[in-house]
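Everything below belongs to work-v8.txt, which stores compact mmCIF, C-alpha atoms.
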```
# COMPACT_ATOMS: atom_id res chain seq x y z
CA MET A 1 0.00 0.00 0.00
CA VAL A 2 1.43 3.39 -1.04
CA ARG A 3 1.29 5.98 1.69
CA PRO A 4 -0.33 9.33 0.59
CA GLU A 5 2.66 11.47 1.52
CA GLN A 6 5.03 9.19 -0.43
CA LYS A 7 2.83 9.22 -3.54
CA LYS A 8 2.67 12.99 -3.46
CA THR A 9 6.45 13.29 -3.18
CA ALA A 10 7.20 10.82 -5.99
CA GLU A 11 4.58 12.17 -8.40
CA ALA A 12 5.76 15.72 -7.80
CA ALA A 13 9.27 14.60 -8.74
CA ALA A 14 8.06 12.81 -11.86
CA SER A 15 5.91 15.72 -13.05
CA ALA A 16 8.71 18.24 -12.61
CA GLY A 17 9.88 18.98 -16.12
CA ASP A 18 13.32 20.05 -14.97
CA MET A 19 14.18 16.67 -13.34
CA ASP A 20 15.91 13.92 -15.28
CA GLN A 21 13.18 11.55 -16.58
CA ALA A 22 15.00 8.34 -15.69
CA LEU A 23 15.60 9.53 -12.14
CA ALA A 24 11.98 10.67 -11.75
CA SER A 25 10.79 7.31 -13.09
CA TYR A 26 13.05 5.48 -10.64
CA LEU A 27 11.70 7.48 -7.70
CA LEU A 28 8.16 6.54 -8.75
CA TYR A 29 9.24 2.89 -8.94
CA LEU A 30 10.62 3.06 -5.39
CA ASP A 31 7.40 4.68 -4.24
CA HIS A 32 4.72 2.61 -6.02
CA GLU A 33 6.34 -0.80 -6.47
CA ARG A 34 8.91 -1.02 -3.69
CA ASN A 35 6.74 0.94 -1.23
CA ALA A 36 9.89 2.61 0.06
CA SER A 37 9.69 5.19 2.81
CA ARG A 38 9.97 8.88 2.09
CA HIS A 39 13.34 8.92 3.83
CA THR A 40 14.65 6.10 1.60
CA ILE A 41 13.43 7.79 -1.59
CA ASP A 42 15.04 11.08 -0.58
CA SER A 43 18.31 9.31 0.26
CA TYR A 44 18.46 7.59 -3.15
CA ARG A 45 17.65 10.84 -4.93
CA ILE A 46 20.35 12.78 -3.06
CA ASP A 47 23.00 10.11 -3.72
CA ILE A 48 22.21 9.92 -7.44
CA GLU A 49 22.18 13.70 -7.77
CA GLN A 50 25.52 13.79 -5.97
CA PHE A 51 26.96 11.37 -8.54
CA VAL A 52 25.69 13.56 -11.38
CA LYS A 53 27.18 16.67 -9.82
CA LEU A 54 30.57 15.24 -8.80
CA ALA A 55 31.32 12.71 -11.53
CA LEU A 56 29.41 14.14 -14.52
CA LYS A 57 29.73 17.84 -13.62
CA ALA A 58 26.04 18.28 -14.38
CA ASP A 59 22.78 18.91 -12.51
CA ALA A 60 20.07 16.25 -12.45
CA GLU A 61 17.48 18.89 -11.56
CA CYS A 62 18.22 21.03 -14.60
CA SER A 63 19.11 18.64 -17.40
CA GLN A 64 18.43 15.25 -18.92
CA ILE A 65 21.32 12.83 -18.36
CA ASP A 66 22.64 10.42 -20.98
CA TRP A 67 22.96 7.50 -18.59
CA ASN A 68 24.32 5.30 -21.42
CA SER A 69 27.38 7.52 -21.64
CA VAL A 70 28.40 6.72 -18.06
CA ASP A 71 31.22 4.18 -18.11
CA VAL A 72 33.20 2.36 -15.45
CA TYR A 73 35.78 5.17 -15.39
CA ALA A 74 33.11 7.69 -14.39
CA ALA A 75 31.92 5.26 -11.73
CA ARG A 76 35.47 4.86 -10.39
CA SER A 77 36.02 8.62 -10.37
CA PHE A 78 32.94 8.94 -8.16
CA VAL A 79 34.52 6.59 -5.62
CA VAL A 80 37.82 8.48 -5.73
CA ILE A 81 36.12 11.83 -5.21
CA LEU A 82 34.12 10.46 -2.27
CA GLN A 83 37.24 8.97 -0.68
CA GLU A 84 38.94 12.37 -0.82
CA GLU A 85 36.10 13.89 1.19
CA GLU A 86 37.15 13.90 4.87
CA ASP A 87 33.63 13.85 6.30
CA ILE A 88 32.35 10.82 4.32
CA SER A 89 32.83 7.42 5.98
CA LYS A 90 33.50 4.19 4.11
CA THR A 91 30.07 2.97 5.20
CA SER A 92 28.46 5.98 3.50
CA ILE A 93 30.48 5.37 0.32
CA LEU A 94 29.33 1.75 0.24
CA ARG A 95 25.72 2.90 0.64
CA LYS A 96 26.02 5.38 -2.23
CA LEU A 97 27.54 2.74 -4.53
CA SER A 98 24.78 0.31 -3.61
CA GLY A 99 22.22 2.98 -4.52
CA MET A 100 23.84 3.58 -7.92
CA ARG A 101 23.90 -0.16 -8.66
CA SER A 102 20.22 -0.39 -7.80
CA PHE A 103 19.42 2.60 -10.03
CA TYR A 104 21.25 1.07 -12.97
CA ARG A 105 19.63 -2.33 -12.44
CA TYR A 106 16.28 -0.57 -12.74
CA MET A 107 17.33 1.25 -15.92
CA LEU A 108 18.65 -2.00 -17.43
CA ARG A 109 15.34 -3.70 -16.74
CA GLU A 110 13.45 -0.79 -18.32
CA GLY A 111 15.73 -0.71 -21.37
CA ILE A 112 16.99 2.80 -20.61
CA VAL A 113 20.66 1.71 -20.56
CA LYS A 114 22.60 -1.20 -22.04
CA GLU A 115 24.97 -1.95 -19.18
CA ASN A 116 25.61 -1.27 -15.50
CA PRO A 117 29.01 0.45 -14.96
CA PHE A 118 28.66 -0.06 -11.20
CA ALA A 119 28.03 -3.82 -11.41
CA ASN A 120 31.61 -5.03 -10.94
CA LEU A 121 33.04 -1.94 -9.31
CA THR A 122 35.34 -2.77 -6.41
CA ALA A 123 34.10 -0.97 -3.34
CA PRO A 124 36.35 0.16 -0.47
CA LYS A 125 36.47 -2.28 2.40
CA LYS A 126 34.03 -1.47 5.15
CA GLN A 127 35.63 0.33 8.06
CA LYS A 128 36.09 -2.00 11.01
CA LEU A 129 35.67 -0.21 14.30
CA LEU A 130 37.51 -1.71 17.24
CA PRO A 131 35.03 -2.90 19.88
CA LYS A 132 34.96 -0.94 23.13
CA TYR A 133 36.06 -2.72 26.27
CA MET A 134 36.57 -2.03 29.96
CA THR A 135 39.80 -2.11 31.88
CA VAL A 136 40.26 -4.71 34.61
CA ASP A 137 39.63 -2.00 37.23
CA GLU A 138 36.43 -0.85 35.48
CA VAL A 139 35.14 -4.42 35.30
CA GLY A 140 35.82 -4.82 39.01
CA ARG A 141 33.85 -1.68 39.83
CA LEU A 142 30.94 -2.86 37.69
CA LEU A 143 30.87 -6.32 39.28
CA ASP A 144 30.75 -4.71 42.74
CA ALA A 145 28.00 -2.27 41.73
CA PRO A 146 24.83 -4.40 42.27
CA ALA A 147 25.59 -5.04 45.95
CA LYS A 148 26.42 -1.37 46.54
CA PHE A 149 23.41 -0.11 44.60
CA TRP A 150 20.83 -2.27 46.40
CA LYS A 151 22.39 -1.69 49.82
CA ASP A 152 22.14 2.06 49.21
CA ALA A 153 18.55 1.62 47.91
CA CYS A 154 17.58 -0.09 51.17
CA GLU A 155 19.24 2.54 53.32
CA LYS A 156 17.45 5.32 51.44
CA ASP A 157 14.15 3.41 51.56
CA VAL A 158 13.97 3.37 47.74
CA ALA A 159 13.84 -0.42 47.34
CA LYS A 160 10.45 -2.14 47.44
CA ASP A 161 11.58 -4.18 50.44
CA GLU A 162 14.80 -5.63 51.83
CA GLU A 163 14.08 -9.13 50.56
CA SER A 164 13.57 -7.93 46.97
CA ALA A 165 16.73 -5.84 47.16
CA LYS A 166 18.82 -8.79 48.38
CA PHE A 167 17.40 -11.00 45.63
CA SER A 168 18.13 -8.44 42.88
CA ALA A 169 21.64 -7.84 44.21
CA ALA A 170 22.48 -11.56 44.37
CA ARG A 171 20.99 -12.35 40.96
CA ASP A 172 22.52 -9.43 39.07
CA SER A 173 25.93 -9.88 40.71
CA ALA A 174 25.89 -13.54 39.64
CA MET A 175 24.72 -12.57 36.14
CA LEU A 176 27.55 -10.07 35.66
CA GLU A 177 30.12 -12.51 37.02
CA VAL A 178 28.90 -15.27 34.70
CA ILE A 179 28.95 -13.02 31.61
CA TYR A 180 32.50 -11.82 32.31
CA SER A 181 33.80 -15.18 33.54
CA GLY A 182 32.65 -17.02 30.43
CA GLY A 183 32.75 -14.18 27.91
CA ILE A 184 29.16 -15.00 26.98
CA ARG A 185 26.45 -12.91 25.36
CA ILE A 186 23.55 -11.60 27.45
CA SER A 187 21.16 -13.77 25.40
CA GLU A 188 23.28 -16.81 26.29
CA ALA A 189 23.27 -15.86 29.98
CA VAL A 190 19.49 -15.50 30.27
CA GLY A 191 19.14 -18.73 28.27
CA LEU A 192 21.09 -20.78 30.84
CA ASN A 193 19.22 -23.55 32.64
CA ILE A 194 19.99 -25.07 36.05
CA GLY A 195 21.44 -28.17 34.40
CA ASP A 196 23.82 -26.15 32.22
CA VAL A 197 25.96 -25.07 35.17
CA ASP A 198 28.33 -27.38 37.04
CA LEU A 199 29.62 -25.53 40.09
CA PHE A 200 31.86 -28.40 41.16
CA SER A 201 33.88 -28.53 37.95
CA GLY A 202 33.56 -24.81 37.19
CA ILE A 203 32.06 -25.36 33.72
CA MET A 204 28.87 -24.21 32.05
CA LYS A 205 27.27 -25.34 28.78
CA VAL A 206 26.24 -22.39 26.65
CA ARG A 207 23.95 -22.35 23.63
CA GLY A 208 25.14 -19.69 21.20
CA LYS A 209 24.17 -18.52 17.73
CA GLY A 210 22.67 -21.19 15.51
CA LYS A 211 21.91 -23.22 18.67
CA LYS A 212 25.54 -24.33 18.75
CA GLU A 213 26.71 -25.49 22.15
CA ARG A 214 30.10 -24.79 23.72
CA LEU A 215 31.71 -25.11 27.14
CA CYS A 216 32.72 -22.00 29.05
CA GLY A 217 34.60 -21.57 32.30
CA LEU A 218 33.37 -20.35 35.66
CA GLY A 219 35.98 -18.62 37.77
CA GLY A 220 36.04 -18.68 41.56
CA PRO A 221 34.19 -15.35 41.99
CA ALA A 222 31.49 -16.48 39.54
CA GLU A 223 31.03 -19.78 41.38
CA ARG A 224 30.69 -18.03 44.75
CA ALA A 225 28.24 -15.48 43.32
CA LEU A 226 26.13 -18.28 41.82
CA ARG A 227 26.03 -20.24 45.10
CA LYS A 228 24.86 -17.11 46.92
CA TYR A 229 22.29 -16.42 44.21
CA MET A 230 20.91 -19.97 44.32
CA VAL A 231 19.97 -19.39 47.96
CA ALA A 232 18.19 -16.15 47.04
CA ARG A 233 16.59 -17.80 44.01
CA ARG A 234 14.56 -20.04 46.32
CA MET A 235 12.73 -16.89 47.46
CA ARG A 236 11.16 -16.76 44.01
CA THR A 237 10.80 -20.37 42.89
CA SER A 238 11.32 -23.93 44.12
CA ASN A 239 11.80 -25.22 40.58
CA GLU A 240 15.35 -26.54 40.41
CA ARG A 241 14.81 -29.13 37.72
CA HIS A 242 17.49 -29.66 35.09
CA GLY A 243 15.60 -27.59 32.48
CA ALA A 244 14.49 -24.78 34.80
CA PRO A 245 15.80 -21.28 34.00
CA LEU A 246 18.86 -20.31 36.02
CA PHE A 247 18.19 -16.58 36.18
CA VAL A 248 14.62 -15.69 37.12
CA ASN A 249 12.58 -12.54 37.71
CA LYS A 250 10.52 -11.62 40.77
CA ASP A 251 7.76 -14.01 39.60
CA GLY A 252 10.10 -16.97 39.21
CA GLN A 253 9.98 -16.85 35.42
CA ARG A 254 12.99 -16.67 33.12
CA LEU A 255 14.66 -13.26 33.26
CA THR A 256 14.62 -11.35 29.97
CA ALA A 257 17.59 -9.54 28.47
CA ARG A 258 15.60 -6.30 28.41
CA SER A 259 14.89 -6.46 32.15
CA PHE A 260 18.53 -7.02 32.97
CA GLN A 261 19.65 -4.22 30.67
CA ARG A 262 17.47 -1.77 32.58
CA ASN A 263 19.26 -2.63 35.82
CA PHE A 264 22.61 -2.62 34.00
CA LYS A 265 22.26 1.13 33.41
CA LEU A 266 21.83 1.63 37.16
CA TYR A 267 25.03 -0.29 37.84
CA LEU A 268 26.98 1.70 35.26
CA ARG A 269 25.99 4.89 37.07
CA GLU A 270 26.89 3.34 40.42
CA ALA A 271 30.32 2.33 39.09
CA GLY A 272 30.92 5.73 37.48
CA LEU A 273 31.15 4.24 33.98
CA PRO A 274 29.85 5.67 30.67
CA LEU A 275 26.13 5.02 30.31
CA ASP A 276 26.53 3.94 26.66
CA MET A 277 28.29 0.77 27.81
CA THR A 278 26.35 -2.48 27.29
CA PRO A 279 26.57 -6.00 28.77
CA HIS A 280 28.27 -7.03 25.51
CA LYS A 281 31.26 -4.87 26.50
CA LEU A 282 31.95 -7.45 29.21
CA ARG A 283 32.36 -10.04 26.44
CA HIS A 284 34.76 -7.72 24.61
CA SER A 285 36.63 -7.14 27.87
CA PHE A 286 36.84 -10.89 28.52
CA ALA A 287 38.52 -11.51 25.16
CA THR A 288 40.85 -8.51 25.40
CA HIS A 289 41.98 -9.34 28.94
CA LEU A 290 42.69 -12.97 28.00
CA LEU A 291 44.84 -11.96 25.03
CA ASP A 292 46.62 -9.30 27.10
CA ALA A 293 47.50 -12.03 29.61
CA GLY A 294 48.98 -14.26 26.91
CA ALA A 295 46.12 -16.57 25.93
CA ASP A 296 46.42 -17.99 22.41
CA LEU A 297 44.00 -16.83 19.75
CA ARG A 298 42.56 -20.28 18.98
CA SER A 299 41.58 -20.86 22.59
CA VAL A 300 39.89 -17.46 22.80
CA GLN A 301 38.07 -18.24 19.54
CA GLU A 302 36.73 -21.47 21.02
CA LEU A 303 35.70 -19.80 24.28
CA LEU A 304 33.84 -17.04 22.42
CA GLY A 305 32.17 -19.50 20.06
CA HIS A 306 33.37 -17.72 16.92
CA GLU A 307 33.07 -19.80 13.78
CA ASN A 308 35.87 -17.92 11.99
CA LEU A 309 39.22 -16.99 13.49
CA SER A 310 39.08 -13.66 11.64
CA THR A 311 36.21 -12.60 13.91
CA THR A 312 38.37 -13.19 16.98
CA GLN A 313 41.40 -11.45 15.48
CA ILE A 314 39.77 -8.05 15.97
CA TYR A 315 40.71 -8.36 19.65
CA THR A 316 44.40 -8.69 18.78
CA HIS A 317 44.09 -5.25 17.18
CA ILE A 318 42.75 -3.87 20.46
CA SER A 319 45.70 -5.34 22.37
CA ALA A 320 48.16 -4.05 19.77
CA GLU A 321 46.57 -0.60 19.87
CA ARG A 322 46.80 -0.52 23.66
CA LEU A 323 50.48 -1.55 23.58
CA LYS A 324 51.18 1.10 20.95
CA ASN A 325 49.59 3.78 23.13
CA VAL A 326 51.67 2.66 26.12
CA TYR A 327 54.79 2.70 23.94
CA ASN A 328 54.10 6.17 22.58
CA LYS A 329 53.56 7.56 26.08
CA ALA A 330 56.52 5.85 27.73
CA HIS A 331 59.31 5.55 25.16
CA PRO A 332 61.60 8.61 25.01
CA ARG A 333 62.02 8.30 21.23
CA ALA A 334 58.58 7.02 20.28
```
How would this structure read if it were set down as structure tokens?
Amino acid sequence: MVRPEQKKTAEAAASAGDMDQALASYLLYLDHERNASRHTIDSYRIDIEQFVKLALKADAECSQIDWNSVDVYAARSFVVILQEEEDISKTSILRKLSGMRSFYRYMLREGIVKENPFANLTAPKKQKLLPKYMTVDEVGRLLDAPAKFWKDACEKDVAKDEESAKFSAARDSAMLEVIYSGGIRISEAVGLNIGDVDLFSGIMKVRGKGKKERLCGLGGPAERALRKYMVARRMRTSNERHGAPLFVNKDGQRLTARSFQRNFKLYLREAGLPLDMTPHKLRHSFATHLLDAGADLRSVQELLGHENLSTTQIYTHISAERLKNVYNKAHPRA
């Protein structure tokens, strides 16, 4: 179904005599057949007009473009010009190239052009941002935060009651310890069942992406936090069967990731950490701290459950970057 505001925008573009006909036709196609949003249509139009202006030295709003005359060299020059712009990221360049390919595929299908000069164009590699992580000291402050937060909440009479505060403190402390100890995702943590955790051997069975199972370690602090939590857990449920959820809410049902994330923000504030941090940063920290301490890459890959080693290698860049910063600050001739 075409939304009224989109139809008005597209038809206005098509009826404008000073807009390139192929471009106007493409905008109508996005509107009527693809049911694209107004934002998407505007983005495609701006990117195509930018190509016309930068690569063809023309104006799509004031002239009709000979799209058949555009060759692969013009397409490449567009990439070069964009790369020279300081405020355009590689992700934005990739998006613009994708838009031009889509435009030319449409014109090929409609018989407007004979070939697509963007079809086999090599795009710049997508910029890989190094994942954020916490220092060992920051992780320690975060892991201590639930107990401090709920103790303070009781003293200030903010908590619902002392029993609820103790339960939340024990559960969330155990949750944070488990995530950092095993380097697991928050979805994997809330998905743990009673039978997945072996406190005697210090091992837990985790179900990751694609329902693949792997074994993760439980350090001493995580084991102690879990034992304390299991006592508090009995305040909410007596279900300790093998398949019962490990982490539960106030009603004894499985805790959701969203519920935990709400409390996580409170603990970040308590620990004096940036509020844009997420539970996933504990997983990044786990991997970075292991590599910093000398763990081999293959072992870290297995612990994280990464299918490809290249995914794990991003953490070696973090360690290398940290060492380089230390070197630059400390070496007299750096």
Separation of atom CA of Ala22 of chain A from atom CA of Ile65 of chain A in Å: 8.2 Å
List every protein, DNA or RNA residue that has at least one atom no more than 9 Å from (28.8, -15.1, 37.2) in the file's coordinates, counting all atoms listed in the file, and write the result as a list in words. Asp172, Ser173, Ala174, Met175, Leu176, Glu177, Val178, Ile179, Tyr180, Ser181, Gly182, Leu218, Gly219, Pro221, Ala222, Glu223, Arg224, Ala225 and Leu226 of chain A
For atom CA of Leu303 of chain A and atom CA of Phe286 of chain A, determine how far apart the two atoms are, in Å to one decimal place. 9.9 Å
Residue nearest Asn249 of chain A among A:Ala232, A:Val113, A:Ala55, A:Ala145 (counting only C-alpha atoms):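 Answer, going by the shortest atom-to-atom distance: A:Ala232.
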How far is it from atom CA of Ile203 of chain A to atom CA of Leu215 of chain A, in Å with one decimal?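 Taking atom CA of Ile203 of chain A and atom CA of Leu215 of chain A, their separation equals 6.6 Å.
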Which residues are near segment 263-273 of chain A? Cut-off 12 Å, only C-alpha atoms, ignore same chain within fewer than 4 positions. Put them as a ChimeraX atom specification. /A:133-135,137-153,168-169,171-173,175-176,186,255-259,277-282
Selection: 9 Å around Asp71 of chain A, only C-alpha atoms, excl. self and same-chain fewer than 3 positions, as a list in words: Trp67, Asn68, Ala74, Ala75, Arg76, Glu115, Asn116, Pro117 and Phe118 of chain A
Could you write out the selected residues, including C-alpha atoms, as a CSV table (one decimal), keeping the file's coordinate frame?
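Here's the written file part.csv:
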```csv
chain,number,residue,atom,x,y,z
A,67,TRP,CA,23.0,7.5,-18.6
A,68,ASN,CA,24.3,5.3,-21.4
A,74,ALA,CA,33.1,7.7,-14.4
A,75,ALA,CA,31.9,5.3,-11.7
A,76,ARG,CA,35.5,4.9,-10.4
A,115,GLU,CA,25.0,-2.0,-19.2
A,116,ASN,CA,25.6,-1.3,-15.5
A,117,PRO,CA,29.0,0.4,-15.0
A,118,PHE,CA,28.7,-0.1,-11.2
```
